[in-house]
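Chemist: First, the structure itself, so that you have it in front of you.
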Amino acid sequence: MSDGFFVAELADDVRAGDVVTLVGREARHAAVVRRIRVGEVVTVTNGHGVGVSGAVADAAPERVGIVVESLLSEPKANPSITVVQALPKNDRAELAVDLMTEVGVDRIVPWQATRCVVRWTAERCEVGRDKWETVARESSKQARRLRFPVIAPVATTPDVIEAIRTTELALVMHEREVMPLHAGVMRGVQDCLIVIGPEGGLTDEEVVLFRRAGAATCSLGRTVLRTSTAGAVAITQVRTLWSAAIRRDER
């Protein structure tokens with residue numbers, strides 16, 4: 001089966017036998033880049049958890065028709081994970097969003113941290129966010145996710161503090177922390193927020209403010225990770241520990 005494709009208008013009530021049509025960029029990508037052929041089975045999603053699979057009935061650069069054979073759905077993840085990602089440099093930003101999407105992030109919040117080299121001016125905020133959304137969408141299709149991560153507007157440090165206060169479990173990944181994540185903190189958690197600092201690290205003031213707001217500081221391991229990879233590693237650890245906590249409770 002090929003990579004997935006995106007149709008925003010894919011209805012929740014789509015049925016077997018219906019024809020779903022790719023047009024525009026998705027059609028060109030399918031017919032020209034991926035060289036999809038008639039009879040090949042593909043997946044299509046609206047990015048909100050609804051999808052279908054079916055055989056290609058006709059394929060042209062301007063239109064690809066797919067006959068629905070089976071319905072697909074992807075429930076919301078448990079726990080829901082939001083990552084507050086300090087702004088990396090452009091190529092590193094795309095890598096960060098790509099990796100976090102592949103391992104199952106639900107929401108990404110770009111954060112203008114004190115030590116960020118990149119500065120998003122008012123004019124750049126929408127452009128930067130659009131770029132992150134594009135990367136998240138393409139990575140989701142590659143990973144065959146039916147539910148794409150949400151890219152939030154850029155956040156200030158006060159915004160992050162407020163998010164910490166209103167989240168069930170907030171974890172700040174800190175290179176000077178020695179306490180690792182453990183399964184106990186994940187028990188019963190449905191909503192988790194992870195804060196990833198910039199390449200220059202968090203300032204002491206940021207750490208103090210986040211702790212006062214209720215966040216726990218944690219280590220991701222013995223080595224110091226780049227900001228572009230730390231988010232993906234943190235998500236993987238949280239999901240693994242959450243599963244371990246569930247298994248332990250079921251014994």
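To be explicit about the labels: the chains of the structure tokens are called A, B, and onward in the order shown, and within each one the residues are counted from 1, while ligands get numbers from 1 in the order they are shown.
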Among stretch 14-245 of chain A, which residues carry a DSSP assignment of alpha helix (DSSP H), reported as a PyMOL selection string?

Modeler: chain A and resi 24-28+90-102+122-142+157-165+204-213+227-245

Chemist: Can you pull out every residue within 12 Å of A:Leu22, counting only C-alpha atoms, but drop anything in the same chain fewer than 4 positions away, and send it as number ranges by chain?

Modeler: A: 4-10, 26-31, 36, 42-46, 56-67

Chemist: Under the rule that only C-alpha atoms are counted, which of A:Ile235, A:Val118, A:Val172, A:Ala143 is the nearest residue to A:Cys218?

Modeler: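 Residue with the minimum atom-to-atom distance to A:Cys218: A:Val172.
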
Chemist: Which of stretch 140-249 of chain A end up as strand (DSSP E or B) when DSSP is run on this backbone - answer as a PyMOL selection string?

Modeler: chain A and resi 147+150-151+155+169-173+180+191-196+216-219

Chemist: One decimal, Å: what's the distance from atom CA of A:Ala215 over to atom CA of A:Ile196, could you say?

Modeler: 12.4 Å

Chemist: Which neighbours of A:Asp130 fall inside 9 Å, counting only C-alpha atoms, when residues of the same chain fewer than 5 positions from it are skipped, and could you give them as a PyMOL selection string?

Modeler: chain A and resi 125+135+151

Chemist: Fewer than 3 positions away in the same chain doesn't count, so skip those; otherwise give me all residues within 6 Å of stretch 105-115 of chain A, counting only C-alpha atoms, as an MDAnalysis selection string.

Modeler: chainID A and resid 81:87 100:101 149:152 154:156 200

Chemist: How far is it from atom CA of A:Thr167 to atom CA of A:Thr236, in Å with one decimal?

Modeler: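 Taking atom CA of A:Thr167 and atom CA of A:Thr236, their separation equals 19.1 Å.
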
Chemist: For each of A:Gln237, A:Thr157, A:Thr227, A:Thr134, take the minimum atom-to-atom distance to A:Ala96, counting only C-alpha atoms, then give the residue where this is smallest.

Modeler: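 Selected residue with least distance to A:Ala96: A:Thr227.
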
Chemist: Check the smallest atom-to-atom distance from each of A:Ser139, A:Ser53, A:Ser228, A:Thr217 to A:Ala93 using only C-alpha atoms, then report the winner.

Modeler: A:Ser228

Chemist: Can you tell me which residues surround A:Val50 at a distance of at most 10 Å, considering only C-alpha atoms, apart from same-chain residues fewer than 4 positions away, and format the answer as a ChimeraX atom specification?

Modeler: /A:10-14,44-46,71-75,145-147

Chemist: Can you write out the residues you just picked, keeping N, CA and C atoms, as a compact mmCIF listing (two decimals), in the first residue's frame?

Modeler:
# COMPACT_ATOMS: atom_id res chain seq x y z
N LEU A 10 -13.12 15.11 2.91
CA LEU A 10 -13.59 13.73 3.10
C LEU A 10 -14.61 13.70 4.22
N ALA A 11 -15.82 13.26 3.89
CA ALA A 11 -16.92 13.33 4.85
C ALA A 11 -16.90 12.18 5.85
N ASP A 12 -17.45 12.43 7.01
CA ASP A 12 -17.54 11.39 8.03
C ASP A 12 -18.46 10.25 7.61
N ASP A 13 -19.42 10.56 6.72
CA ASP A 13 -20.39 9.54 6.33
C ASP A 13 -20.05 8.86 5.00
N VAL A 14 -18.77 8.91 4.58
CA VAL A 14 -18.36 8.23 3.35
C VAL A 14 -18.62 6.74 3.49
N VAL A 44 -6.67 7.43 2.06
CA VAL A 44 -7.00 8.85 2.02
C VAL A 44 -7.58 9.22 3.38
N THR A 45 -7.20 10.39 3.90
CA THR A 45 -7.71 10.84 5.19
C THR A 45 -8.03 12.32 5.14
N ASN A 46 -8.90 12.76 6.06
CA ASN A 46 -9.17 14.19 6.21
C ASN A 46 -8.32 14.82 7.30
N LEU A 71 -13.46 1.42 5.25
CA LEU A 71 -13.44 2.63 6.06
C LEU A 71 -12.42 2.48 7.17
N LEU A 72 -11.72 3.57 7.46
CA LEU A 72 -10.68 3.56 8.47
C LEU A 72 -10.97 4.65 9.50
N SER A 73 -10.52 4.44 10.72
CA SER A 73 -10.67 5.47 11.75
C SER A 73 -9.50 5.38 12.71
N GLU A 74 -9.16 6.51 13.28
CA GLU A 74 -8.07 6.57 14.24
C GLU A 74 -8.56 7.33 15.47
N PRO A 75 -8.73 6.65 16.59
CA PRO A 75 -9.21 7.34 17.80
C PRO A 75 -8.17 8.32 18.32
N ARG A 145 -0.78 8.37 9.25
CA ARG A 145 -1.63 8.83 10.34
C ARG A 145 -2.94 9.35 9.75
N LEU A 146 -4.04 9.05 10.41
CA LEU A 146 -5.33 9.58 9.98
C LEU A 146 -5.71 10.84 10.76
N ARG A 147 -4.98 11.09 11.84
CA ARG A 147 -5.24 12.26 12.67
C ARG A 147 -3.96 13.09 12.72

Chemist: Nearest to A:Arg165: which of A:Arg212, A:Arg137, A:Arg187, A:His182 is it, counting only C-alpha atoms?

Modeler: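 Counting only C-alpha atoms, the residue closest to A:Arg165 is A:Arg212.
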
Chemist: Identify which of the residues A:Val117, A:Ala163, A:Val208, A:Leu225 lies closest to A:Val195, counting only C-alpha atoms when measuring atom-to-atom distances.

Modeler: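 Of A:Val117, A:Ala163, A:Val208, A:Leu225, the one nearest A:Val195 is A:Ala163, counting only C-alpha atoms.
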
Chemist: Which distance in Å separates atom CA of A:Lys89 and atom CA of A:Thr166, to one decimal?

Modeler: 29.0 Å

Chemist: Find the residue from A:Asp204, A:Glu138, A:Glu69, A:Glu40 that sits nearest to A:Asp18; use only C-alpha atoms when measuring.

Modeler: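 Among the listed residues, the smallest separation from A:Asp18 belongs to A:Glu69.
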